[in-house]
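For reference, upload38.txt (compact mmCIF, C-alpha atoms and all ligand atoms):
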```txt
# COMPACT_ATOMS: atom_id res chain seq x y z
CA MET A 1 -9.77 18.61 24.87
CA GLY A 2 -11.99 15.68 23.90
CA GLU A 3 -10.36 12.41 22.96
CA PHE A 4 -10.81 12.93 19.21
CA GLU A 5 -9.35 16.46 19.28
CA GLU A 6 -6.42 15.20 21.34
CA GLN A 7 -5.66 12.41 18.86
CA SER A 8 -5.91 14.63 15.80
CA ALA A 9 -3.50 17.15 17.41
CA TRP A 10 -0.84 14.47 17.89
CA GLY A 11 2.22 14.21 15.66
CA PHE A 12 2.55 11.14 13.41
CA GLU A 13 4.89 9.21 15.69
CA THR A 14 2.74 9.86 18.78
CA ALA A 15 -0.42 8.73 17.00
CA ALA A 16 1.33 5.57 15.78
CA ILE A 17 2.11 4.62 19.37
CA HIS A 18 -0.99 5.91 21.18
CA ALA A 19 -4.01 6.25 18.86
CA GLY A 20 -6.54 3.55 19.83
CA GLN A 21 -4.05 2.12 22.34
CA GLU A 22 -4.80 3.47 25.79
CA PRO A 23 -3.77 1.11 28.64
CA ASP A 24 -6.31 -1.67 29.27
CA PRO A 25 -8.85 -0.23 31.79
CA THR A 26 -9.19 -3.46 33.80
CA THR A 27 -5.52 -4.52 34.13
CA GLY A 28 -3.47 -1.48 33.13
CA ALA A 29 -1.69 -3.52 30.44
CA VAL A 30 0.26 -1.10 28.26
CA VAL A 31 0.24 -3.43 25.27
CA THR A 32 -3.09 -3.87 23.49
CA PRO A 33 -4.40 -7.35 24.45
CA ILE A 34 -5.05 -9.92 21.74
CA SER A 35 -8.79 -10.52 22.19
CA LEU A 36 -9.27 -14.07 21.01
CA SER A 37 -12.89 -14.39 22.12
CA THR A 38 -15.22 -14.96 19.17
CA THR A 39 -18.28 -13.96 21.18
CA PHE A 40 -19.04 -11.36 23.87
CA ALA A 41 -21.45 -11.66 26.79
CA GLN A 42 -24.68 -9.64 26.66
CA ASP A 43 -26.52 -8.43 29.80
CA GLY A 44 -29.84 -8.73 27.99
CA VAL A 45 -30.67 -9.41 24.37
CA GLY A 46 -28.92 -6.71 22.31
CA ASN A 47 -27.42 -5.13 25.44
CA HIS A 48 -23.65 -5.47 25.03
CA LYS A 49 -20.45 -3.48 25.50
CA GLY A 50 -19.91 -2.70 21.80
CA TYR A 51 -18.94 -6.18 20.66
CA GLU A 52 -21.16 -9.16 19.79
CA TYR A 53 -19.26 -11.47 17.46
CA SER A 54 -15.66 -11.17 16.30
CA ARG A 55 -16.33 -11.07 12.54
CA SER A 56 -18.46 -7.95 13.11
CA GLY A 57 -16.03 -6.31 15.52
CA ASN A 58 -13.12 -7.21 17.76
CA PRO A 59 -11.29 -5.03 20.33
CA THR A 60 -7.79 -5.74 18.94
CA ARG A 61 -9.05 -4.92 15.45
CA THR A 62 -10.66 -1.69 16.73
CA ALA A 63 -7.33 -0.57 18.22
CA TYR A 64 -5.51 -1.26 14.94
CA GLU A 65 -8.26 0.35 12.80
CA THR A 66 -8.19 3.47 15.00
CA GLN A 67 -4.39 3.65 14.84
CA VAL A 68 -4.03 3.46 11.05
CA ALA A 69 -7.06 5.71 10.41
CA ALA A 70 -5.37 8.34 12.61
CA LEU A 71 -2.16 8.07 10.58
CA GLU A 72 -4.01 8.51 7.28
CA GLY A 73 -5.90 11.49 8.77
CA ALA A 74 -9.09 9.49 8.15
CA ALA A 75 -12.34 9.44 10.09
CA HIS A 76 -12.81 5.70 9.42
CA GLY A 77 -10.49 2.69 9.16
CA LEU A 78 -11.37 -0.89 8.18
CA ALA A 79 -9.02 -3.84 8.39
CA PHE A 80 -9.18 -6.89 6.09
CA SER A 81 -7.52 -10.27 5.84
CA SER A 82 -5.40 -9.17 2.82
CA GLY A 83 -4.82 -6.18 0.59
CA LEU A 84 -6.79 -7.87 -2.17
CA ALA A 85 -9.71 -8.53 0.20
CA ALA A 86 -9.76 -4.79 1.00
CA GLU A 87 -9.68 -4.00 -2.74
CA ASP A 88 -12.45 -6.52 -3.40
CA ASN A 89 -14.67 -4.76 -0.86
CA VAL A 90 -14.16 -1.44 -2.64
CA LEU A 91 -15.00 -2.91 -6.05
CA ARG A 92 -18.25 -4.36 -4.63
CA LEU A 93 -19.48 -0.76 -4.18
CA PHE A 94 -20.00 -0.46 -7.92
CA ALA A 95 -22.87 -1.64 -10.13
CA PRO A 96 -22.41 -3.73 -13.29
CA GLY A 97 -21.44 -1.51 -16.22
CA GLN A 98 -19.67 1.16 -14.14
CA ARG A 99 -16.17 1.65 -15.54
CA VAL A 100 -12.88 1.47 -13.66
CA LEU A 101 -9.90 3.46 -14.97
CA LEU A 102 -6.73 1.73 -13.84
CA GLY A 103 -3.32 3.37 -14.07
CA ASN A 104 -1.27 1.47 -16.67
CA ASP A 105 1.24 0.38 -14.07
CA ALA A 106 -0.15 -1.37 -11.00
CA TYR A 107 0.23 -4.48 -8.88
CA GLY A 108 -0.53 -7.53 -11.05
CA GLY A 109 -3.01 -8.89 -8.49
CA THR A 110 -5.04 -5.67 -8.63
CA TYR A 111 -5.16 -5.95 -12.41
CA ARG A 112 -6.23 -9.62 -12.05
CA LEU A 113 -8.96 -8.77 -9.51
CA ILE A 114 -10.44 -6.04 -11.71
CA SER A 115 -10.11 -7.80 -15.07
CA LYS A 116 -10.71 -11.45 -14.13
CA VAL A 117 -12.91 -11.42 -10.99
CA HIS A 118 -15.02 -8.24 -11.22
CA THR A 119 -15.86 -8.95 -14.85
CA GLN A 120 -19.13 -7.04 -14.45
CA LEU A 121 -17.10 -3.81 -14.34
CA PRO A 122 -15.66 -2.61 -17.67
CA TRP A 123 -12.14 -1.26 -17.24
CA SER A 124 -9.49 0.63 -19.19
CA ALA A 125 -5.78 1.02 -18.57
CA VAL A 126 -4.91 4.73 -18.74
CA ASP A 127 -1.77 6.86 -18.64
CA LEU A 128 -2.26 8.81 -15.43
CA LEU A 129 0.91 10.83 -16.08
CA ASP A 130 -0.95 12.60 -18.88
CA THR A 131 -3.86 14.28 -17.07
CA ALA A 132 -4.68 16.48 -20.09
CA GLY A 133 -4.93 13.39 -22.33
CA LEU A 134 -7.01 11.68 -19.65
CA ALA A 135 -9.44 14.62 -19.51
CA ALA A 136 -9.75 14.62 -23.31
CA SER A 137 -10.42 10.87 -23.62
CA TRP A 138 -12.51 10.39 -20.44
CA PRO A 139 -15.04 7.56 -20.93
CA ASP A 140 -18.55 8.69 -19.93
CA ASP A 141 -19.31 5.53 -17.98
CA THR A 142 -16.32 6.00 -15.60
CA ALA A 143 -17.26 5.58 -11.94
CA LEU A 144 -13.85 4.96 -10.40
CA VAL A 145 -10.20 5.90 -10.94
CA TRP A 146 -7.80 3.46 -9.30
CA LEU A 147 -4.23 4.55 -8.87
CA GLU A 148 -1.10 3.50 -7.09
CA THR A 149 1.54 6.14 -6.49
CA PRO A 150 4.39 5.24 -6.51
CA THR A 151 3.32 2.33 -8.73
CA ASN A 152 4.35 -1.28 -8.47
CA PRO A 153 6.86 -1.97 -10.02
CA LEU A 154 7.83 1.04 -12.20
CA LEU A 155 7.51 3.55 -9.32
CA ARG A 156 5.69 6.09 -11.47
CA CYS A 157 4.14 8.89 -9.42
CA PHE A 158 0.82 10.52 -10.22
CA ASP A 159 -0.55 13.87 -9.13
CA ILE A 160 -3.29 12.82 -6.69
CA GLU A 161 -4.72 16.33 -6.34
CA ALA A 162 -5.01 16.88 -10.12
CA ILE A 163 -6.51 13.43 -10.78
CA ALA A 164 -8.96 13.74 -7.88
CA SER A 165 -10.22 17.10 -9.07
CA LEU A 166 -10.61 15.79 -12.65
CA ALA A 167 -12.46 12.70 -11.45
CA HIS A 168 -14.71 14.61 -9.06
CA GLU A 169 -15.70 17.13 -11.77
CA ARG A 170 -16.90 14.12 -13.76
CA GLY A 171 -18.65 12.40 -10.84
CA ALA A 172 -16.13 9.57 -10.37
CA MET A 173 -14.55 8.30 -7.18
CA VAL A 174 -10.77 8.07 -6.61
CA VAL A 175 -9.05 5.21 -4.81
CA VAL A 176 -5.35 5.53 -4.01
CA ASP A 177 -3.29 2.46 -3.17
CA ASN A 178 -0.87 3.98 -0.65
CA THR A 179 1.04 0.75 0.00
CA PHE A 180 4.41 1.95 -1.33
CA ALA A 181 4.34 5.43 0.18
CA THR A 182 2.61 4.67 3.52
CA PRO A 183 0.87 7.48 5.42
CA PHE A 184 4.26 8.58 6.75
CA LEU A 185 5.32 9.73 3.28
CA GLN A 186 1.97 10.64 1.72
CA GLN A 187 -1.62 11.24 2.84
CA PRO A 188 -3.93 10.83 -0.16
CA LEU A 189 -7.19 11.81 1.59
CA ALA A 190 -5.82 15.30 2.28
CA LEU A 191 -5.05 15.54 -1.46
CA GLY A 192 -8.64 14.71 -2.46
CA ALA A 193 -8.71 10.89 -2.68
CA ASP A 194 -11.96 9.25 -1.54
CA ILE A 195 -10.54 5.96 -0.26
CA VAL A 196 -7.01 4.85 0.64
CA VAL A 197 -6.14 1.19 0.18
CA HIS A 198 -3.22 -0.67 1.74
CA SER A 199 -1.64 -4.02 1.51
CA ALA A 200 -0.79 -3.99 5.23
CA THR A 201 1.36 -7.03 4.43
CA LYS A 202 4.02 -4.53 3.34
CA TYR A 203 5.29 -1.45 5.21
CA LEU A 204 2.44 -1.24 7.74
CA GLY A 205 3.17 -4.72 9.12
CA GLY A 206 6.81 -4.20 8.20
CA HIS A 207 8.25 -7.56 9.28
CA SER A 208 7.10 -10.09 6.63
CA ASP A 209 5.01 -11.95 9.19
CA VAL A 210 1.41 -10.93 8.54
CA VAL A 211 -0.88 -10.68 5.50
CA GLY A 212 -3.44 -7.90 5.79
CA GLY A 213 -5.33 -5.13 4.05
CA PHE A 214 -6.72 -1.77 5.07
CA LEU A 215 -9.16 0.91 3.89
CA ALA A 216 -9.12 4.48 5.24
CA LEU A 217 -11.72 7.11 4.35
CA ASP A 218 -13.65 10.13 5.59
CA ASP A 219 -17.12 9.72 4.13
CA ALA A 220 -19.47 8.25 6.77
CA ASP A 221 -22.03 6.79 4.31
CA LEU A 222 -19.32 5.11 2.26
CA ALA A 223 -17.73 3.80 5.47
CA ASP A 224 -21.10 2.31 6.51
CA ARG A 225 -21.42 0.56 3.15
CA LEU A 226 -17.89 -0.81 3.39
CA ARG A 227 -18.41 -1.93 7.00
CA PHE A 228 -21.54 -3.74 5.88
CA THR A 229 -19.58 -5.69 3.25
CA GLN A 230 -16.62 -6.22 5.59
CA ASN A 231 -19.02 -8.04 7.92
CA ALA A 232 -21.36 -9.56 5.32
CA ALA A 233 -18.60 -10.99 3.10
CA GLY A 234 -16.40 -11.64 6.15
CA ALA A 235 -12.80 -11.18 4.90
CA VAL A 236 -11.66 -9.94 8.32
CA PRO A 237 -8.20 -10.34 9.88
CA ALA A 238 -7.65 -12.59 12.90
CA PRO A 239 -7.00 -10.82 16.24
CA PHE A 240 -3.39 -12.03 16.25
CA ASP A 241 -2.86 -10.57 12.77
CA CYS A 242 -4.34 -7.27 13.97
CA TYR A 243 -1.92 -7.31 16.89
CA LEU A 244 1.08 -7.97 14.63
CA ALA A 245 0.09 -5.18 12.24
CA LEU A 246 -0.60 -2.78 15.14
CA ARG A 247 2.81 -3.55 16.62
CA GLY A 248 4.48 -3.04 13.24
CA VAL A 249 2.83 0.32 12.66
CA LYS A 250 4.22 1.69 15.95
CA THR A 251 7.67 1.90 14.34
CA LEU A 252 6.54 2.93 10.85
CA ALA A 253 8.07 6.42 10.98
CA VAL A 254 11.56 5.32 12.02
CA ARG A 255 11.53 2.40 9.61
CA MET A 256 10.48 4.61 6.68
CA GLU A 257 13.25 7.12 7.39
CA ARG A 258 15.83 4.33 7.22
CA HIS A 259 14.22 2.69 4.16
CA CYS A 260 14.45 6.02 2.30
CA ALA A 261 18.07 6.67 3.34
CA ASN A 262 19.15 3.15 2.37
CA ALA A 263 17.31 3.39 -0.96
CA ARG A 264 19.30 6.54 -1.76
CA ALA A 265 22.59 4.70 -1.09
CA VAL A 266 21.50 1.90 -3.43
CA VAL A 267 20.40 4.37 -6.13
CA ASP A 268 23.82 6.06 -5.96
CA LEU A 269 25.50 2.72 -6.70
CA LEU A 270 23.12 1.74 -9.51
CA ILE A 271 23.25 5.09 -11.30
CA GLY A 272 26.95 4.86 -12.02
CA HIS A 273 27.03 1.12 -12.79
CA PRO A 274 27.89 0.01 -16.36
CA ALA A 275 25.55 -3.05 -16.24
CA VAL A 276 22.53 -0.90 -15.40
CA GLU A 277 20.43 0.54 -18.21
CA ARG A 278 17.99 2.71 -16.22
CA VAL A 279 17.31 3.38 -12.55
CA LEU A 280 13.71 4.02 -11.54
CA TYR A 281 13.40 6.03 -8.32
CA PRO A 282 10.97 8.93 -7.72
CA GLN A 283 13.70 11.27 -6.45
CA LEU A 284 15.54 11.26 -9.80
CA PRO A 285 14.70 14.48 -11.70
CA ASP A 286 13.97 12.62 -14.98
CA HIS A 287 11.77 9.99 -13.29
CA PRO A 288 8.17 9.83 -14.61
CA GLY A 289 6.12 11.77 -12.06
CA HIS A 290 9.11 13.20 -10.13
CA ALA A 291 7.38 16.59 -9.83
CA ALA A 292 4.22 15.01 -8.38
CA ALA A 293 6.30 12.96 -5.94
CA ALA A 294 8.29 16.01 -4.84
CA LYS A 295 5.03 17.90 -4.26
CA GLN A 296 3.02 15.27 -2.41
CA MET A 297 5.56 13.02 -0.67
CA ARG A 298 7.69 13.74 2.40
CA ASP A 299 10.48 11.54 0.98
CA PHE A 300 10.80 9.13 -1.94
CA GLY A 301 10.40 5.69 -0.39
CA GLY A 302 12.26 2.43 0.01
CA MET A 303 11.49 0.81 -3.35
CA VAL A 304 14.00 0.97 -6.22
CA SER A 305 13.61 -0.64 -9.65
CA PHE A 306 16.17 -0.87 -12.44
CA THR A 307 16.68 -2.40 -15.86
CA LEU A 308 19.78 -4.28 -17.02
CA ARG A 309 21.65 -3.63 -20.27
CA GLY A 310 22.13 -7.40 -20.60
CA GLY A 311 18.37 -8.10 -20.87
CA GLN A 312 16.34 -10.72 -19.02
CA ALA A 313 19.21 -13.19 -18.74
CA ALA A 314 21.34 -10.62 -16.91
CA ALA A 315 18.42 -9.67 -14.67
CA LEU A 316 17.86 -13.29 -13.68
CA ARG A 317 21.59 -13.77 -12.97
CA VAL A 318 21.71 -10.70 -10.70
CA ALA A 319 18.53 -11.77 -8.88
CA ALA A 320 20.12 -15.15 -8.18
CA ALA A 321 23.46 -13.70 -7.07
CA THR A 322 22.52 -11.41 -4.17
CA GLU A 323 23.09 -12.72 -0.67
CA LEU A 324 21.64 -10.10 1.67
CA PHE A 325 18.83 -9.18 -0.74
CA THR A 326 16.66 -12.30 -0.50
CA LEU A 327 15.08 -13.40 -3.77
CA GLY A 328 11.38 -13.36 -3.02
CA GLU A 329 7.97 -11.81 -3.59
CA SER A 330 6.58 -9.06 -1.35
CA LEU A 331 8.19 -5.89 -0.07
CA GLY A 332 8.19 -3.29 2.66
CA ALA A 333 9.74 -5.23 5.52
CA VAL A 334 12.91 -4.77 7.54
CA GLU A 335 14.89 -7.23 5.40
CA SER A 336 15.91 -6.40 1.83
CA LEU A 337 14.30 -8.32 -1.03
CA ILE A 338 14.95 -8.59 -4.76
CA GLU A 339 12.57 -9.91 -7.41
CA HIS A 340 11.97 -10.20 -11.16
CA PRO A 341 8.48 -8.68 -11.64
CA GLY A 342 7.99 -10.15 -15.14
CA GLN A 343 8.16 -13.73 -13.87
CA MET A 344 7.08 -13.18 -10.27
CA THR A 345 4.72 -10.47 -8.88
CA HIS A 346 3.52 -9.28 -12.31
CA ALA A 347 3.34 -12.60 -14.17
CA SER A 348 -0.47 -12.24 -14.22
CA ALA A 349 -0.10 -9.01 -16.27
CA ALA A 350 1.79 -10.72 -19.15
CA GLY A 351 0.25 -9.84 -22.50
CA SER A 352 -1.83 -6.99 -20.97
CA PRO A 353 -1.31 -3.20 -21.12
CA LEU A 354 0.31 -3.58 -17.67
CA GLU A 355 3.05 -5.99 -18.81
CA VAL A 356 6.46 -5.05 -17.42
CA PRO A 357 9.89 -5.11 -19.13
CA ASP A 358 11.66 -8.49 -18.87
CA ASN A 359 15.01 -6.89 -17.96
CA LEU A 360 13.47 -5.23 -14.87
CA LEU A 361 14.44 -5.99 -11.28
CA ARG A 362 12.66 -4.57 -8.23
CA LEU A 363 14.35 -4.01 -4.88
CA SER A 364 12.65 -3.58 -1.56
CA VAL A 365 15.49 -1.87 0.31
CA GLY A 366 15.40 -2.91 3.94
CA ILE A 367 16.80 -1.26 7.05
CA GLU A 368 20.08 -3.17 7.31
CA THR A 369 23.44 -1.31 7.26
CA ALA A 370 23.53 0.67 3.99
CA ALA A 371 27.15 -0.23 3.19
CA ASP A 372 26.38 -3.96 3.44
CA LEU A 373 23.46 -3.61 1.03
CA VAL A 374 25.56 -1.65 -1.45
CA ALA A 375 28.39 -4.21 -1.26
CA ASP A 376 25.95 -7.08 -1.85
CA LEU A 377 24.46 -5.46 -4.94
CA GLN A 378 27.92 -4.57 -6.22
CA GLN A 379 29.05 -8.21 -6.10
CA ALA A 380 25.76 -9.43 -7.64
CA LEU A 381 26.02 -6.95 -10.52
CA GLU A 382 29.34 -8.54 -11.48
CA GLN A 383 27.22 -11.49 -12.71
CA ALA A 384 25.16 -9.26 -15.05
N1 LIG A 401 -1.33 -3.30 -3.57
C1 LIG A 401 -0.01 -3.35 -3.82
C2 LIG A 401 0.70 -2.12 -4.29
C3 LIG A 401 0.69 -4.55 -3.67
O1 LIG A 401 2.01 -4.58 -3.92
C4 LIG A 401 -0.01 -5.71 -3.22
C5 LIG A 401 0.70 -7.00 -3.02
O2 LIG A 401 1.83 -7.15 -3.40
C6 LIG A 401 -1.38 -5.62 -2.99
C7 LIG A 401 -2.01 -4.40 -3.15
C8 LIG A 401 -2.17 -6.82 -2.54
O3 LIG A 401 -2.01 -7.03 -1.18
P1 LIG A 401 -2.01 -8.48 -0.46
O4 LIG A 401 -0.88 -9.27 -1.04
O5 LIG A 401 -1.85 -8.13 0.98
O6 LIG A 401 -3.34 -9.10 -0.77
```
Please, can you express the file's structure as structure tokens?
Ligand code: PLP
Amino acid sequence: MGEFEEQSAWGFETAAIHAGQEPDPTTGAVVTPISLSTTFAQDGVGNHKGYEYSRSGNPTRTAYETQVAALEGAAHGLAFSSGLAAEDNVLRLFAPGQRVLLGNDAYGGTYRLISKVHTQLPWSAVDLLDTAGLAASWPDDTALVWLETPTNPLLRCFDIEAIASLAHERGAMVVVDNTFATPFLQQPLALGADIVVHSATKYLGGHSDVVGGFLALDDADLADRLRFTQNAAGAVPAPFDCYLALRGVKTLAVRMERHCANARAVVDLLIGHPAVERVLYPQLPDHPGHAAAAKQMRDFGGMVSFTLRGGQAAALRVAAATELFTLGESLGAVESLIEHPGQMTHASAAGSPLEVPDNLLRLSVGIETAADLVADLQQALEQA
């Protein structure tokens, strides 16, 4: 078997630990070295060993890009200095006047990037749960459908296969932000997406110690265009950041299994609690997009959102009262976090079609002992 065939035959966990990570040929080091060199010696002009200058390419970054591309089942992987930098590179593919359809629940920073930075691109917020309505009201100038599934923070799930086939019939591209699901739970390219986007800051890195972004895709021409912009605009991650993300991804499968199990324990507590108005979790049969999640995801993820009967004041009191769940932005790491999207991660969406309810709290359920997490939430909910 050739190297590529061997890697594509590997199971997920094997690829996470071995794809792009063969022992260093000169020293035998089992751990991918952090290549700090910014420049690489050439034998003659233009005669080099694959690397010239670290913005254009770096061995630690190559290992990490190969690893995550393998996990997404993608032919190409590109790493960036943040999730938003990766998103920015995708949006630069489009010409002024080409429309972006954005699911009406998404990360506030994605909304801000599309609506306030890429102002040359018209955009509309659409209900991606209603694919028939979407087909009927499809704007002719649409070039791109941008969806998160599950979404941040309402955890709505959209049918990637149905949306991709609708978009492709009409000549539009589909980008899926796979940050919440990760490739362990869901592989959008196999369902018809054109590009997968990640905030690697979240589950891929997994330890709240690195900011990063990632694009995975199959199309070689599109990958060439994105690689051009990755180098030309230069929002690349540092070698140490690539190393941290690569190390995090090695344990993605075992972390995700525990995140999902702990999330279920938390959901069980919240569902029966008198202070809680509604629990948002893709596994619940009445959850918006449950059927799509059950079809396209291996499990339902580590994110749980809920609304409080006592309104915003109760939500803020609960957020301040947890001890193990740290009050903070971000998500997807080993430690549990709680936040108030309306005033924190989604403040930039206030007054827009993506505004979130003010009695909403979002939990990133970590991999601590489930009973401790449940007990912490139980005591915090007494303040609601
Ligand atoms: N996509 C999602 C779903 C996010 O939650 C975030 C950040 O919270 C981003 C993209 C942006 O990523 P970054 O913060 O790494 O720039």
I want to know what sits within 7 Å of range 13-22 of chain A, based on only C-alpha atoms, with residues of the same chain fewer than 3 positions away left out; could you give that as a PDB file with C-alpha atoms, keeping the file's coordinate frame?
```pdb
ATOM      1  CA  GLN A   7      -5.660  12.410  18.860  1.00  0.00           C
ATOM      2  CA  TRP A  10      -0.840  14.470  17.890  1.00  0.00           C
ATOM      3  CA  THR A  32      -3.090  -3.870  23.490  1.00  0.00           C
ATOM      4  CA  ALA A  63      -7.330  -0.570  18.220  1.00  0.00           C
ATOM      5  CA  TYR A  64      -5.510  -1.260  14.940  1.00  0.00           C
ATOM      6  CA  THR A  66      -8.190   3.470  15.000  1.00  0.00           C
ATOM      7  CA  GLN A  67      -4.390   3.650  14.840  1.00  0.00           C
ATOM      8  CA  ALA A  70      -5.370   8.340  12.610  1.00  0.00           C
ATOM      9  CA  LEU A  71      -2.160   8.070  10.580  1.00  0.00           C
ATOM     10  CA  VAL A 249       2.830   0.320  12.660  1.00  0.00           C
ATOM     11  CA  LYS A 250       4.220   1.690  15.950  1.00  0.00           C
ATOM     12  CA  ALA A 253       8.070   6.420  10.980  1.00  0.00           C
TER      13      ALA A 253
END
```
To one decimal place in Å, what is the distance between CA of Gly351 in chain A and CA of Leu147 in chain A?
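Between these atoms lies a distance of 20.3 Å.
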All residues having an atom within 6 Å of ligand LIG 401 (chain A) (all atoms listed in the file) as a list in words
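Using all atoms listed in the file, I find these residues within 6 Å of ligand LIG 401 (chain A): Ser82, Gly83, Leu84, Tyr107, Asn152, Thr179, Ser199, Thr201, Val211, Gly212, Gly213 and Ser330 of chain A.
Proximity of A:Met344, A:Leu381, A:Leu93, A:Cys260 to Leu222 in chain A, computed with all atoms listed in the file, is greatest for A:Leu93.
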Need the neighbours of (13.1, -4.1, -1.7): which residues are at most 12 Å away, counting all atoms listed in the file, as a CSV table (one decimal) with C-alpha atoms, keeping the file's coordinate frame?
```csv
chain,number,residue,atom,x,y,z
A,152,ASN,CA,4.4,-1.3,-8.5
A,153,PRO,CA,6.9,-2.0,-10.0
A,180,PHE,CA,4.4,2.0,-1.3
A,202,LYS,CA,4.0,-4.5,3.3
A,203,TYR,CA,5.3,-1.4,5.2
A,206,GLY,CA,6.8,-4.2,8.2
A,208,SER,CA,7.1,-10.1,6.6
A,259,HIS,CA,14.2,2.7,4.2
A,260,CYS,CA,14.4,6.0,2.3
A,262,ASN,CA,19.2,3.2,2.4
A,263,ALA,CA,17.3,3.4,-1.0
A,266,VAL,CA,21.5,1.9,-3.4
A,301,GLY,CA,10.4,5.7,-0.4
A,302,GLY,CA,12.3,2.4,0.0
A,303,MET,CA,11.5,0.8,-3.4
A,304,VAL,CA,14.0,1.0,-6.2
A,305,SER,CA,13.6,-0.6,-9.6
A,306,PHE,CA,16.2,-0.9,-12.4
A,319,ALA,CA,18.5,-11.8,-8.9
A,324,LEU,CA,21.6,-10.1,1.7
A,325,PHE,CA,18.8,-9.2,-0.7
A,326,THR,CA,16.7,-12.3,-0.5
A,327,LEU,CA,15.1,-13.4,-3.8
A,328,GLY,CA,11.4,-13.4,-3.0
A,329,GLU,CA,8.0,-11.8,-3.6
A,330,SER,CA,6.6,-9.1,-1.4
A,331,LEU,CA,8.2,-5.9,-0.1
A,332,GLY,CA,8.2,-3.3,2.7
A,333,ALA,CA,9.7,-5.2,5.5
A,334,VAL,CA,12.9,-4.8,7.5
A,335,GLU,CA,14.9,-7.2,5.4
A,336,SER,CA,15.9,-6.4,1.8
A,337,LEU,CA,14.3,-8.3,-1.0
A,338,ILE,CA,15.0,-8.6,-4.8
A,339,GLU,CA,12.6,-9.9,-7.4
A,340,HIS,CA,12.0,-10.2,-11.2
A,341,PRO,CA,8.5,-8.7,-11.6
A,361,LEU,CA,14.4,-6.0,-11.3
A,362,ARG,CA,12.7,-4.6,-8.2
A,363,LEU,CA,14.4,-4.0,-4.9
A,364,SER,CA,12.6,-3.6,-1.6
A,365,VAL,CA,15.5,-1.9,0.3
A,366,GLY,CA,15.4,-2.9,3.9
A,367,ILE,CA,16.8,-1.3,7.0
A,368,GLU,CA,20.1,-3.2,7.3
A,373,LEU,CA,23.5,-3.6,1.0
A,377,LEU,CA,24.5,-5.5,-4.9
```
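When CA of Ser54 in chain A is paired with CA of Asn89 in chain A, their separation reads 18.3 Å.
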Set the distance at 12 Å and use all atoms listed in the file: which residues neighbour range 284-298 of chain A once local chain neighbours fewer than 2 positions away are removed? I'd like the list as an MDAnalysis selection string.
chainID A and resid 105 127:131 149:151 154:163 178 180:192 253 256:257 260 263:264 267:268 271 278:282 300:301 304:306
Given the choices A:Thr251, A:Ser56, A:Gln343, A:Asn359, which gets closest to Glu277 in chain A if the distance is worked out from all atoms listed in the file?
A:Asn359
Quick one: everything within 12 Å of Tyr51 in chain A, counting only C-alpha atoms, minus sequence neighbours fewer than 3 positions away in the same chain. Send it as a PDB file with C-alpha atoms, in the frame of the given file.
```
ATOM      1  CA  SER A  35      -8.790 -10.520  22.190  1.00  0.00           C
ATOM      2  CA  SER A  37     -12.890 -14.390  22.120  1.00  0.00           C
ATOM      3  CA  THR A  38     -15.220 -14.960  19.170  1.00  0.00           C
ATOM      4  CA  THR A  39     -18.280 -13.960  21.180  1.00  0.00           C
ATOM      5  CA  PHE A  40     -19.040 -11.360  23.870  1.00  0.00           C
ATOM      6  CA  ALA A  41     -21.450 -11.660  26.790  1.00  0.00           C
ATOM      7  CA  GLN A  42     -24.680  -9.640  26.660  1.00  0.00           C
ATOM      8  CA  GLY A  46     -28.920  -6.710  22.310  1.00  0.00           C
ATOM      9  CA  ASN A  47     -27.420  -5.130  25.440  1.00  0.00           C
ATOM     10  CA  HIS A  48     -23.650  -5.470  25.030  1.00  0.00           C
ATOM     11  CA  SER A  54     -15.660 -11.170  16.300  1.00  0.00           C
ATOM     12  CA  ARG A  55     -16.330 -11.070  12.540  1.00  0.00           C
ATOM     13  CA  SER A  56     -18.460  -7.950  13.110  1.00  0.00           C
ATOM     14  CA  GLY A  57     -16.030  -6.310  15.520  1.00  0.00           C
ATOM     15  CA  ASN A  58     -13.120  -7.210  17.760  1.00  0.00           C
ATOM     16  CA  PRO A  59     -11.290  -5.030  20.330  1.00  0.00           C
ATOM     17  CA  THR A  60      -7.790  -5.740  18.940  1.00  0.00           C
ATOM     18  CA  ARG A  61      -9.050  -4.920  15.450  1.00  0.00           C
ATOM     19  CA  THR A  62     -10.660  -1.690  16.730  1.00  0.00           C
TER      20      THR A  62
END
```
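Here CA of Ile34 in chain A is placed at a distance of 20.2 Å from CA of Gln230 in chain A.
Minimum distance to Ala245 in chain A across A:Met173, A:Ala79, A:Ile195, A:Leu217 (counting all atoms listed in the file) occurs at A:Ala79.
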Which residues, written as a list in words, have at least one atom at most 9 Å from Ala125 in chain A, with all atoms listed in the file counted and residues fewer than 3 positions away on the same chain left out?
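Close residues of Ala125 in chain A: Val100, Leu101, Leu102, Gly103, Asn104, Asp105, Pro353 and Leu354 of chain A.
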